[in-house]
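Contents: one structure, followed by commentary.
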Amino acid sequence: MKRTLLCALLLAATAVPAGAANLVKTYSYFAVGGRTLEDIEAQLSKRGPQVKSTGSRHPGATQMAFTTRISYAGQSGSCRIADAAVTVKVKVILPEWSRPRKADADVRLFWDTLSSDIKRHEERHVEIAKNHARELEDALKAAYPQKDCDAAKAKAAQITAAILARHDRAQVQFDRVESVNFESRILRLLRYRVERIGNGRLPPT
């Protein structure tokens, strides 16, 4: 499940409040119908969010945008980054099943397991983004002074590009690992959920 990564850099010459990287998160949902596993699979393929990088639809997605605000302090013969604040805005897109009354128990069990795993997957993408936003903010604040503010801005752009590139690679690598382990993970989660239902720790589906 690849991400739509919208990385925006705003270099501002005004002071901004100090603090850790900010996360702004919203959710949206798309409807999924069907009574059988085949129906649900078809609905996810038809109605899931389309990712531009792949051109295909996915059962869930997270759209991300990084915004960096930087203030500079110039002195005789040097200029430094006085402060930096990074905000990452994410929109998590998840499926919502319109559960029919006559859906079989095994279908309900599979959906509960699958939808929980989709949400966990997307939340991990959010966590990766926030970790890199914090890393970017710390790196900008720790940057050495430059000969002038133009050089300081160029250094900020260089730092930002490098860390956002690492962020993109981390997201792709996470998707790759998750894709390889998908089947075994779902089977393990299904067994675990059945066990918890059996010992009364979860209500029946």
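Please note that chains go A, B, ... in the order of the structure tokens, that every chain numbers its residues from 1, and that ligands are numbered from 1 in the order shown.
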Give me the residues near Arg169 in chain A as a VMD selection string, where near means some atom within 12 Å (using only C-alpha atoms) and where sequence neighbours in that chain fewer than 3 positions away do not count. chain A and resid 2 to 3 5 125 128 to 129 132 162 to 166 172 to 176
Residues from the last selection, N, CA, C and O atoms, saved as a PDB file, in the first residue's frame:
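File out_8.pdb, as written:
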ATOM      1  N   LYS A   2       1.111   1.716  -1.123  1.00  0.00           N
ATOM      2  CA  LYS A   2       2.011   2.856  -1.222  1.00  0.00           C
ATOM      3  C   LYS A   2       1.277   4.128  -0.850  1.00  0.00           C
ATOM      4  O   LYS A   2       0.081   4.227  -0.912  1.00  0.00           O
ATOM      5  N   ARG A   3       2.059   5.120  -0.443  1.00  0.00           N
ATOM      6  CA  ARG A   3       1.474   6.356   0.044  1.00  0.00           C
ATOM      7  C   ARG A   3       1.461   7.407  -1.034  1.00  0.00           C
ATOM      8  O   ARG A   3       2.254   7.398  -1.958  1.00  0.00           O
ATOM      9  N   LEU A   5       2.601  10.918  -1.220  1.00  0.00           N
ATOM     10  CA  LEU A   5       3.477  11.761  -0.431  1.00  0.00           C
ATOM     11  C   LEU A   5       3.535  13.150  -1.043  1.00  0.00           C
ATOM     12  O   LEU A   5       4.069  13.344  -2.132  1.00  0.00           O
ATOM     13  N   HIS A 125       2.114   4.044   9.141  1.00  0.00           N
ATOM     14  CA  HIS A 125       2.601   5.042   8.188  1.00  0.00           C
ATOM     15  C   HIS A 125       2.598   6.438   8.814  1.00  0.00           C
ATOM     16  O   HIS A 125       3.519   7.229   8.595  1.00  0.00           O
ATOM     17  N   ILE A 128       5.595   6.672  11.144  1.00  0.00           N
ATOM     18  CA  ILE A 128       6.837   6.867  10.396  1.00  0.00           C
ATOM     19  C   ILE A 128       6.976   8.322   9.971  1.00  0.00           C
ATOM     20  O   ILE A 128       8.055   8.927  10.074  1.00  0.00           O
ATOM     21  N   ALA A 129       5.883   8.904   9.487  1.00  0.00           N
ATOM     22  CA  ALA A 129       5.915  10.308   9.053  1.00  0.00           C
ATOM     23  C   ALA A 129       6.236  11.228  10.221  1.00  0.00           C
ATOM     24  O   ALA A 129       7.062  12.150  10.101  1.00  0.00           O
ATOM     25  N   HIS A 132       9.927  11.108  11.261  1.00  0.00           N
ATOM     26  CA  HIS A 132      10.810  11.841  10.350  1.00  0.00           C
ATOM     27  C   HIS A 132      10.585  13.345  10.441  1.00  0.00           C
ATOM     28  O   HIS A 132      11.530  14.129  10.244  1.00  0.00           O
ATOM     29  N   ALA A 162      17.122  15.686   2.145  1.00  0.00           N
ATOM     30  CA  ALA A 162      17.744  14.425   2.547  1.00  0.00           C
ATOM     31  C   ALA A 162      16.845  13.637   3.496  1.00  0.00           C
ATOM     32  O   ALA A 162      16.660  12.421   3.347  1.00  0.00           O
ATOM     33  N   ILE A 163      16.242  14.323   4.467  1.00  0.00           N
ATOM     34  CA  ILE A 163      15.427  13.615   5.449  1.00  0.00           C
ATOM     35  C   ILE A 163      14.096  13.168   4.848  1.00  0.00           C
ATOM     36  O   ILE A 163      13.608  12.065   5.129  1.00  0.00           O
ATOM     37  N   LEU A 164      13.505  13.979   3.980  1.00  0.00           N
ATOM     38  CA  LEU A 164      12.262  13.552   3.332  1.00  0.00           C
ATOM     39  C   LEU A 164      12.509  12.387   2.377  1.00  0.00           C
ATOM     40  O   LEU A 164      11.638  11.527   2.204  1.00  0.00           O
ATOM     41  N   ALA A 165      13.699  12.342   1.781  1.00  0.00           N
ATOM     42  CA  ALA A 165      14.034  11.189   0.936  1.00  0.00           C
ATOM     43  C   ALA A 165      14.149   9.926   1.790  1.00  0.00           C
ATOM     44  O   ALA A 165      13.683   8.849   1.388  1.00  0.00           O
ATOM     45  N   ARG A 166      14.746  10.050   2.982  1.00  0.00           N
ATOM     46  CA  ARG A 166      14.815   8.901   3.892  1.00  0.00           C
ATOM     47  C   ARG A 166      13.420   8.486   4.331  1.00  0.00           C
ATOM     48  O   ARG A 166      13.121   7.295   4.470  1.00  0.00           O
ATOM     49  N   VAL A 172       8.282   3.157   1.802  1.00  0.00           N
ATOM     50  CA  VAL A 172       8.286   2.113   0.766  1.00  0.00           C
ATOM     51  C   VAL A 172       8.755   0.782   1.343  1.00  0.00           C
ATOM     52  O   VAL A 172       8.184  -0.284   1.054  1.00  0.00           O
ATOM     53  N   GLN A 173       9.805   0.818   2.173  1.00  0.00           N
ATOM     54  CA  GLN A 173      10.312  -0.412   2.775  1.00  0.00           C
ATOM     55  C   GLN A 173       9.274  -1.046   3.691  1.00  0.00           C
ATOM     56  O   GLN A 173       9.094  -2.278   3.700  1.00  0.00           O
ATOM     57  N   PHE A 174       8.557  -0.237   4.449  1.00  0.00           N
ATOM     58  CA  PHE A 174       7.504  -0.759   5.316  1.00  0.00           C
ATOM     59  C   PHE A 174       6.426  -1.457   4.494  1.00  0.00           C
ATOM     60  O   PHE A 174       5.983  -2.556   4.821  1.00  0.00           O
ATOM     61  N   ASP A 175       6.011  -0.819   3.398  1.00  0.00           N
ATOM     62  CA  ASP A 175       5.016  -1.446   2.521  1.00  0.00           C
ATOM     63  C   ASP A 175       5.521  -2.763   1.958  1.00  0.00           C
ATOM     64  O   ASP A 175       4.765  -3.739   1.856  1.00  0.00           O
ATOM     65  N   ARG A 176       6.789  -2.793   1.587  1.00  0.00           N
ATOM     66  CA  ARG A 176       7.355  -4.006   0.988  1.00  0.00           C
ATOM     67  C   ARG A 176       7.322  -5.165   1.985  1.00  0.00           C
ATOM     68  O   ARG A 176       6.910  -6.280   1.656  1.00  0.00           O
TER      69      ARG A 176
END
Excluding range 37-54 of chain A and any residue of its chain fewer than 2 positions from it, enumerate the residues within 12 Å of it, using only C-alpha atoms, and give them as a PyMOL selection string. chain A and resi 1-6+28-35+56-63+91-100+103-111+114-115+118+172
Among chain A, which ones does DSSP place in strand (DSSP E or B), written as an NGL selection string? :A and (4-7 or 22-32 or 50 or 57 or 61-75 or 78-97 or 146)
Would you return as a PyMOL selection string the members of range 7-119 of chain A that DSSP assigns to alpha helix (DSSP H) on this structure's backbone? chain A and resi 37-47+105-119
Using only C-alpha atoms, which of A:Lys147, A:Lys155, A:Lys141, A:His121 sits nearest Arg185 in chain A? A:His121
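In terms of minimum interatomic distance to Ala133 in chain A, A:Thr87 ranks closest within A:Thr87, A:Asn181, A:Thr26, A:Thr36, counting only C-alpha atoms.
Proximity of A:Glu137, A:Asp83, A:Glu122, A:Asp112 to Asn22 in chain A, computed with only C-alpha atoms, is greatest for A:Glu137.
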A:Ala152, A:Val126, A:Val180, A:Leu187 ranked by distance to Ser78 in chain A, top pick (using only C-alpha atoms): A:Ala152
For Gly74 in chain A, find every residue with an atom within 10 Å (counting only C-alpha atoms), except residues of its own chain fewer than 2 positions away, and show them as a ChimeraX atom specification. /A:72,76-82,145-149,152
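Taking CA of Arg69 in chain A and CA of Gln171 in chain A as endpoints, the distance between them is 23.3 Å.
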